[in-house]
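One structure below.
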Amino acid sequence: MQVTYKKIDQQDIEFFQSVMPKSRLFVGDEIHEDYSKDELAGVHQYPDVVVEVINAQEISSLLKYCYENNIPVTPRGQGTGLVGASVAIHGGLMISTVKMDHFLELDKENLTLTVEPGVLLMEISKYVEAEDLFYPPDPGEKSATIGGNISTNAGGMRAVKYGVTRDFVRGLEVVLMNGDIIEVGGKVVKNSSGYSIKDLIVGSEGTLGVITKAILKLLPLPKVAISLLVPFPTLEQAVETVPMIIKSKFIPTAIEYMERRVIKNAEDFLGKQFPDASSDAYLLLTFDGNSYDEVERIYEKVAEVCLEGGALDIFISDTQERQESIWSARGAFLEGIKASTTEMDECDVVVPRNQVAQFVKFTKEVEQSVDIRIASFGHAGDGNLHVYVLKDQYSDAVYKEKLGEAFDLLYKRAAELGGHVSGEHGIGYAKLPYLRAQQGDVYMNLLKSIKYAFDPKGLLNPGKVC
Ligand SMILES: Cc1cc2nc3c(=O)[nH]c(=O)nc-3n(C[C@H](O)[C@H](O)[C@H](O)COP(=O)(O)OP(=O)(O)OC[C@H]3O[C@@H](n4cnc5c(N)ncnc54)[C@H](O)[C@@H]3O)c2cc1C
């Protein structure tokens, strides 16, 4: 049942003030501009009220009230998302979790870490690595919250070997729209106890409930990590080598592809040279393990495969300093591309790994046929590409038309190749038309039925995902 949303008034604000102090509640002009957008920047809307919550009870009281009064609610982490998912497109109340940033428990007997949702990804790696433990998911934006990562099922570089965020969530505490607080999953390693509500909530982009606690699975920290930077004569040859690597059964931790144009954007952005300038296309691979010998045995095999695939050379980075200089450039690709243009939008499709080369080739054809600059890089090892359509000198109207044309072609081709709309950034608001186009009514109605089972009035992060 879709209700008519109520506009927040003074009486509602007085209720919110009864739940929390004024210092954590922002109304109208007091709301910072950051809360009107995310990193996509193409979707803008201010919420009417922002609250910085500190515990599940506060969230429960707020949601219960909003449920009874038909007020839309948008959960929010750090706003680093790229699909408009944390933008309050219908106004209403925004619940920011950034102040729920406590580590609750490190359980070394169960290898789990329990955290509040506002803990930042970068803090998690620091915290567990100091204890010789490892939280493998490694999305590029380290200032994102773990609540945001869980809600988008964030991927990142190490997905090739370790999987994605969903694979590392053991349990969650979640507040439902009617104010009920539930716990799903737990510290258990296995669980076949009916439908996995936990796995539904992971990746639900704040549309099913607000995550207030997460139990994360940890691994022992690998002792050795080595990167290979591998130049190729062309980008096609670089990406065509990736399925050969996968077929070799010597699986790296990460396989990223990059081309000169994008490297140049990152160099300009960072004011720092990339460690190699000999080629226009590269694969960047990482390997980890418990001894140098173990890692060397694997990377030597993969290096052989790369040379068979036409690689021009193999540069081994086995010092912290060298690895950092390469990975800092890789980490700046998105910001570098953004800084090189006036506006951009992203297509984050995922295709089977043996179709990455086809898709990359297709992006070049679209660049020509639509006559618009397209930059791409991505996680070649898991088939997830980040393709950016750039506005440059075009007017708003021309860009909108060309962007639509390019996206229609790109999403259609990804589907033909057996791919999906989003590999890791989610659907949010911006990618909803493409999800609908690919999945059709039966699938979308199933998503809606799930949504309404959790949130019968459609008040939690409305207009997103389905
Ligand atoms: C430079 C850059 C690089 C990036 N690289 C990657 C990458 O490699 N891999 C990747 O997957 N993503 C990447 N991202 C995208 C982004 O960082 C992720 O989507 C991240 O998970 C968002 O976290 P956040 O805290 O910023 O969440 P927000 O953007 O605030 O919110 C994202 C979604 O989660 C929901 N949400 C947030 N907290 C909660 C909660 N506690 N309960 C319920 N719902 C909640 C929001 O409603 C929204 O739907 C990148 C972004 C940038 C800017």
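Each chain in the structure tokens gets a letter, A, B, ..., in the order shown, and its residues are numbered from 1; ligands are numbered from 1 in order too.
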
Ligand 1: which residues are within 6 Å, counting only C-alpha atoms and all ligand atoms? Reply as an mmCIF file with N, CA, C and O atoms, in the first residue's frame.
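Once everything was written out, this is out-v2.cif:
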```
data_model
loop_
_atom_site.group_PDB
_atom_site.id
_atom_site.type_symbol
_atom_site.label_atom_id
_atom_site.label_comp_id
_atom_site.auth_asym_id
_atom_site.auth_seq_id
_atom_site.Cartn_x
_atom_site.Cartn_y
_atom_site.Cartn_z
ATOM 1 N N GLU A 39 27.591 11.132 -3.786
ATOM 2 C CA GLU A 39 28.730 11.389 -4.675
ATOM 3 C C GLU A 39 28.349 11.337 -6.151
ATOM 4 O O GLU A 39 29.146 11.677 -7.008
ATOM 5 N N THR A 74 14.807 8.460 5.272
ATOM 6 C CA THR A 74 15.965 8.015 4.494
ATOM 7 C C THR A 74 17.142 7.729 5.420
ATOM 8 O O THR A 74 17.654 8.654 6.062
ATOM 9 N N PRO A 75 17.592 6.472 5.503
ATOM 10 C CA PRO A 75 18.809 6.193 6.275
ATOM 11 C C PRO A 75 20.026 6.692 5.502
ATOM 12 O O PRO A 75 20.044 6.675 4.275
ATOM 13 N N ARG A 76 21.041 7.100 6.252
ATOM 14 C CA ARG A 76 22.210 7.705 5.596
ATOM 15 C C ARG A 76 23.482 7.354 6.347
ATOM 16 O O ARG A 76 23.542 7.419 7.576
ATOM 17 N N GLY A 77 24.516 6.961 5.577
ATOM 18 C CA GLY A 77 25.838 6.762 6.152
ATOM 19 C C GLY A 77 26.677 7.994 5.863
ATOM 20 O O GLY A 77 26.333 9.106 6.279
ATOM 21 N N GLN A 78 27.742 7.799 5.075
ATOM 22 C CA GLN A 78 28.613 8.932 4.755
ATOM 23 C C GLN A 78 28.243 9.614 3.443
ATOM 24 O O GLN A 78 28.934 10.542 3.022
ATOM 25 N N GLY A 79 27.222 9.114 2.758
ATOM 26 C CA GLY A 79 26.813 9.758 1.498
ATOM 27 C C GLY A 79 27.831 9.609 0.380
ATOM 28 O O GLY A 79 27.894 10.451 -0.515
ATOM 29 N N THR A 80 28.626 8.522 0.397
ATOM 30 C CA THR A 80 29.606 8.319 -0.684
ATOM 31 C C THR A 80 29.045 7.449 -1.806
ATOM 32 O O THR A 80 29.763 7.100 -2.741
ATOM 33 N N GLY A 81 27.768 7.107 -1.710
ATOM 34 C CA GLY A 81 27.140 6.271 -2.729
ATOM 35 C C GLY A 81 27.116 6.978 -4.083
ATOM 36 O O GLY A 81 27.289 8.194 -4.185
ATOM 37 N N LEU A 82 26.876 6.187 -5.138
ATOM 38 C CA LEU A 82 26.984 6.729 -6.497
ATOM 39 C C LEU A 82 25.708 6.543 -7.307
ATOM 40 O O LEU A 82 25.731 6.648 -8.528
ATOM 41 N N ALA A 85 21.161 6.787 -3.696
ATOM 42 C CA ALA A 85 20.381 5.951 -2.770
ATOM 43 C C ALA A 85 20.161 6.609 -1.417
ATOM 44 O O ALA A 85 19.179 6.317 -0.741
ATOM 45 N N SER A 86 21.063 7.493 -0.999
ATOM 46 C CA SER A 86 20.892 8.106 0.319
ATOM 47 C C SER A 86 20.382 9.545 0.216
ATOM 48 O O SER A 86 20.535 10.329 1.145
ATOM 49 N N THR A 97 23.683 7.893 10.563
ATOM 50 C CA THR A 97 24.251 6.949 11.547
ATOM 51 C C THR A 97 25.700 7.293 11.914
ATOM 52 O O THR A 97 26.345 6.513 12.600
ATOM 53 N N PRO A 117 26.817 0.810 13.010
ATOM 54 C CA PRO A 117 26.824 1.014 11.555
ATOM 55 C C PRO A 117 27.651 2.200 11.062
ATOM 56 O O PRO A 117 28.035 2.245 9.901
ATOM 57 N N PRO A 139 36.315 -1.973 -0.746
ATOM 58 C CA PRO A 139 35.848 -0.965 -1.716
ATOM 59 C C PRO A 139 36.773 0.255 -1.725
ATOM 60 O O PRO A 139 37.426 0.540 -0.719
ATOM 61 N N GLY A 140 36.783 0.946 -2.881
ATOM 62 C CA GLY A 140 37.717 2.054 -3.066
ATOM 63 C C GLY A 140 37.560 3.181 -2.064
ATOM 64 O O GLY A 140 38.541 3.804 -1.661
ATOM 65 N N GLU A 141 36.321 3.467 -1.640
ATOM 66 C CA GLU A 141 36.085 4.630 -0.778
ATOM 67 C C GLU A 141 36.152 4.196 0.687
ATOM 68 O O GLU A 141 35.183 3.678 1.238
ATOM 69 N N ALA A 144 33.659 5.392 3.651
ATOM 70 C CA ALA A 144 32.262 4.949 3.736
ATOM 71 C C ALA A 144 32.030 4.274 5.085
ATOM 72 O O ALA A 144 32.969 3.759 5.701
ATOM 73 N N THR A 145 30.765 4.256 5.538
ATOM 74 C CA THR A 145 30.445 3.548 6.784
ATOM 75 C C THR A 145 30.218 2.065 6.482
ATOM 76 O O THR A 145 29.862 1.699 5.360
ATOM 77 N N GLY A 147 27.753 0.455 7.680
ATOM 78 C CA GLY A 147 26.302 0.357 7.421
ATOM 79 C C GLY A 147 25.997 0.607 5.950
ATOM 80 O O GLY A 147 25.170 -0.087 5.348
ATOM 81 N N GLY A 148 26.679 1.583 5.367
ATOM 82 C CA GLY A 148 26.512 1.865 3.929
ATOM 83 C C GLY A 148 27.048 0.711 3.099
ATOM 84 O O GLY A 148 26.417 0.279 2.131
ATOM 85 N N ASN A 149 28.216 0.191 3.485
ATOM 86 C CA ASN A 149 28.799 -0.950 2.749
ATOM 87 C C ASN A 149 27.856 -2.157 2.778
ATOM 88 O O ASN A 149 27.667 -2.831 1.775
ATOM 89 N N SER A 151 24.616 -2.100 3.309
ATOM 90 C CA SER A 151 23.354 -1.778 2.628
ATOM 91 C C SER A 151 23.489 -1.775 1.114
ATOM 92 O O SER A 151 22.491 -1.882 0.403
ATOM 93 N N THR A 152 24.720 -1.603 0.607
ATOM 94 C CA THR A 152 24.919 -1.653 -0.853
ATOM 95 C C THR A 152 25.589 -2.962 -1.272
ATOM 96 O O THR A 152 25.885 -3.137 -2.445
ATOM 97 N N ALA A 154 28.661 -3.738 -0.778
ATOM 98 C CA ALA A 154 29.825 -3.173 -1.461
ATOM 99 C C ALA A 154 30.812 -4.275 -1.856
ATOM 100 O O ALA A 154 30.946 -5.290 -1.171
ATOM 101 N N GLY A 155 31.465 -4.045 -2.979
ATOM 102 C CA GLY A 155 32.385 -5.064 -3.508
ATOM 103 C C GLY A 155 33.822 -4.688 -3.250
ATOM 104 O O GLY A 155 34.325 -4.855 -2.149
ATOM 105 N N GLY A 156 34.465 -4.131 -4.254
ATOM 106 C CA GLY A 156 35.850 -3.694 -4.081
ATOM 107 C C GLY A 156 36.848 -4.646 -4.703
ATOM 108 O O GLY A 156 36.491 -5.625 -5.355
ATOM 109 N N GLU A 205 19.799 -1.356 0.478
ATOM 110 C CA GLU A 205 19.903 0.099 0.298
ATOM 111 C C GLU A 205 18.931 0.883 1.186
ATOM 112 O O GLU A 205 18.293 1.848 0.738
ATOM 113 N N GLY A 206 18.813 0.447 2.412
ATOM 114 C CA GLY A 206 18.012 1.202 3.366
ATOM 115 C C GLY A 206 16.524 1.173 3.091
ATOM 116 O O GLY A 206 15.782 2.015 3.611
ATOM 117 N N GLY A 209 15.011 -1.798 6.300
ATOM 118 C CA GLY A 209 15.190 -1.542 7.724
ATOM 119 C C GLY A 209 16.455 -0.710 7.923
ATOM 120 O O GLY A 209 17.223 -0.527 6.975
ATOM 121 N N VAL A 210 16.648 -0.230 9.153
ATOM 122 C CA VAL A 210 17.863 0.530 9.455
ATOM 123 C C VAL A 210 18.793 -0.380 10.260
ATOM 124 O O VAL A 210 18.409 -0.880 11.331
ATOM 125 N N ILE A 211 19.980 -0.600 9.754
ATOM 126 C CA ILE A 211 20.951 -1.475 10.417
ATOM 127 C C ILE A 211 21.568 -0.717 11.592
ATOM 128 O O ILE A 211 22.075 0.408 11.422
ATOM 129 N N THR A 212 21.524 -1.332 12.782
ATOM 130 C CA THR A 212 22.037 -0.645 13.965
ATOM 131 C C THR A 212 23.224 -1.384 14.592
ATOM 132 O O THR A 212 23.870 -0.861 15.493
ATOM 133 N N LEU A 334 38.512 7.518 -9.824
ATOM 134 C CA LEU A 334 37.181 8.127 -9.887
ATOM 135 C C LEU A 334 37.276 9.643 -9.696
ATOM 136 O O LEU A 334 36.698 10.418 -10.472
ATOM 137 N N GLU A 335 38.030 10.047 -8.677
ATOM 138 C CA GLU A 335 38.166 11.486 -8.421
ATOM 139 C C GLU A 335 38.865 12.175 -9.600
ATOM 140 O O GLU A 335 38.538 13.305 -9.968
ATOM 141 N N GLU A 424 28.229 -3.435 -7.842
ATOM 142 C CA GLU A 424 28.512 -3.115 -6.437
ATOM 143 C C GLU A 424 27.933 -1.795 -5.955
ATOM 144 O O GLU A 424 27.805 -1.595 -4.758
ATOM 145 N N HIS A 425 27.585 -0.883 -6.814
ATOM 146 C CA HIS A 425 27.142 0.431 -6.321
ATOM 147 C C HIS A 425 25.648 0.473 -6.028
ATOM 148 O O HIS A 425 25.170 1.407 -5.395
#
```

| said: Using only C-alpha atoms, which protein or nucleic acid residues come within 12 Å of A:Thr4? Drop anything in the same chain fewer than 5 positions from it, and give the result as an MDAnalysis selection string. | reply: chainID A and resid 67 69:72 90 457:459 462

Selection to disk with all heavy atoms, as a compact mmCIF listing (two decimals), in the first residue's frame:
```txt
# COMPACT_ATOMS: atom_id res chain seq x y z
N TYR A 67 6.11 6.02 11.00
CA TYR A 67 5.21 5.00 10.45
C TYR A 67 3.75 5.39 10.72
O TYR A 67 2.89 5.37 9.83
CB TYR A 67 5.53 3.65 11.08
CG TYR A 67 4.74 2.51 10.52
CD1 TYR A 67 4.89 2.13 9.19
CD2 TYR A 67 3.83 1.81 11.30
CE1 TYR A 67 4.16 1.08 8.66
CE2 TYR A 67 3.10 0.76 10.78
CZ TYR A 67 3.26 0.40 9.45
OH TYR A 67 2.54 -0.63 8.93
N ASN A 69 2.62 8.28 11.25
CA ASN A 69 2.26 9.59 10.68
C ASN A 69 2.59 9.72 9.19
O ASN A 69 2.55 10.83 8.64
CB ASN A 69 2.96 10.69 11.48
CG ASN A 69 2.35 10.82 12.87
OD1 ASN A 69 1.30 11.42 13.04
ND2 ASN A 69 3.00 10.19 13.84
N ASN A 70 2.93 8.62 8.55
CA ASN A 70 3.19 8.60 7.10
C ASN A 70 4.31 9.55 6.66
O ASN A 70 4.21 10.21 5.61
CB ASN A 70 1.91 8.92 6.32
CG ASN A 70 0.83 7.89 6.56
OD1 ASN A 70 1.13 6.77 6.98
ND2 ASN A 70 -0.41 8.26 6.33
N ILE A 71 5.38 9.60 7.45
CA ILE A 71 6.52 10.47 7.11
C ILE A 71 7.62 9.61 6.48
O ILE A 71 8.06 8.63 7.07
CB ILE A 71 7.06 11.18 8.38
CG1 ILE A 71 5.98 12.11 8.92
CG2 ILE A 71 8.36 11.94 8.07
CD1 ILE A 71 6.31 12.71 10.30
N PRO A 72 8.08 9.97 5.27
CA PRO A 72 9.15 9.18 4.65
C PRO A 72 10.49 9.37 5.38
O PRO A 72 10.77 10.45 5.90
CB PRO A 72 9.24 9.74 3.22
CG PRO A 72 8.58 11.06 3.25
CD PRO A 72 7.62 11.07 4.41
N HIS A 90 11.99 12.27 -1.52
CA HIS A 90 10.64 12.72 -1.15
C HIS A 90 10.68 13.59 0.11
O HIS A 90 9.65 13.74 0.78
CB HIS A 90 9.72 11.53 -0.92
CG HIS A 90 9.44 10.77 -2.19
ND1 HIS A 90 8.60 11.24 -3.17
CD2 HIS A 90 9.93 9.59 -2.66
CE1 HIS A 90 8.56 10.37 -4.18
NE2 HIS A 90 9.37 9.36 -3.89
N LYS A 457 3.78 0.46 4.33
CA LYS A 457 3.30 1.73 3.77
C LYS A 457 4.31 2.35 2.79
O LYS A 457 4.09 3.46 2.30
CB LYS A 457 3.04 2.72 4.91
CG LYS A 457 1.89 2.34 5.84
CD LYS A 457 1.81 3.41 6.92
CE LYS A 457 0.56 3.35 7.74
NZ LYS A 457 0.55 4.45 8.73
N GLY A 458 5.41 1.68 2.55
CA GLY A 458 6.40 2.20 1.59
C GLY A 458 7.01 3.51 2.03
O GLY A 458 7.20 4.43 1.21
N LEU A 459 7.39 3.61 3.31
CA LEU A 459 7.90 4.89 3.84
C LEU A 459 9.43 4.91 3.96
O LEU A 459 10.02 5.98 4.10
CB LEU A 459 7.30 5.15 5.23
CG LEU A 459 5.80 5.40 5.25
CD1 LEU A 459 5.25 5.28 6.67
CD2 LEU A 459 5.48 6.78 4.68
N PRO A 462 11.83 5.64 0.18
CA PRO A 462 10.95 5.42 -0.97
C PRO A 462 11.59 5.86 -2.29
O PRO A 462 12.42 6.76 -2.32
CB PRO A 462 9.73 6.29 -0.65
CG PRO A 462 10.20 7.29 0.35
CD PRO A 462 11.32 6.65 1.12
```

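Candidate residues A:Glu240, A:Glu346, A:Asp48, A:Glu267 were compared for distance to A:Ile427, and the nearest is A:Glu346, using only C-alpha atoms.
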
| query | Which polymer residues have any atom within 9 Å of an atom of A:Leu409, counting only C-alpha atoms, with same-chain residues fewer than 5 positions away left out, as a PyMOL selection string? | reply | chain A and resi 366+404+414

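The space separating atom CA of A:Arg170 from atom CA of A:Glu123 comes to 19.1 Å.
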
| query | Within 8 Å of A:Ser291, counting only C-alpha atoms, which residues qualify if same-chain residues fewer than 2 places away don't, as a ChimeraX atom specification? | reply | /A:223-224,289,293-295

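For the set A:Val230, A:Cys347, A:Ala303, A:Val239, the residue with the smallest atom-to-atom gap to A:Ser278 is A:Val230, counting only C-alpha atoms.
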
| said: So that I can check the secondary structure, give me every residue of stretch 33-228 of chain A assigned strand (DSSP E or B) by backbone DSSP, as a count of residues only. | reply: 54

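For A:Ser279, the list of residues within 10 Å, based on only C-alpha atoms and with local chain neighbours fewer than 5 positions off taken out, reads Val230, Pro231, Phe232, Pro233, Thr234, Leu235, Glu259, Arg260, Leu312 and Asp313 of chain A.
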
| message | Could you pull out the alpha helix (DSSP H) residues of stretch 194-391 of chain A, going by DSSP on the backbone, and write them as a PyMOL selection string? | response | chain A and resi 197-201+235-247+260-270+292-308+320-331+333-339+356-370

| said: Using only C-alpha atoms for the distances, tell me which of A:Leu172, A:Val83, A:Val50, A:Leu25 is nearest to A:Lys431. | reply: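 Under the stated criterion, the closest residue is A:Val83.
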
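If only C-alpha atoms are the atoms counted, then among A:Leu285, A:Val189, A:Val356, A:Ala375 the closest residue to A:Ile263 is A:Ala375.
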
Per residue of stretch 133-245 of chain A within 9 Å of stretch 381-389 of chain A, record the nearest atom pair and its distance in Å to one decimal, counting only C-alpha atoms, with rows in chain order and ascending residue number, as JSON lines.
```
{"residue": "A:Met157", "atom": "CA", "partner": "A:Gly381", "partner_atom": "CA", "distance": 8.6}
{"residue": "A:Ala159", "atom": "CA", "partner": "A:Asp382", "partner_atom": "CA", "distance": 6.7}
{"residue": "A:Val160", "atom": "CA", "partner": "A:Asp382", "partner_atom": "CA", "distance": 5.4}
{"residue": "A:Val242", "atom": "CA", "partner": "A:Gly381", "partner_atom": "CA", "distance": 6.5}
{"residue": "A:Pro243", "atom": "CA", "partner": "A:Gly381", "partner_atom": "CA", "distance": 8.1}
{"residue": "A:Ile245", "atom": "CA", "partner": "A:Gly381", "partner_atom": "CA", "distance": 8.8}
```
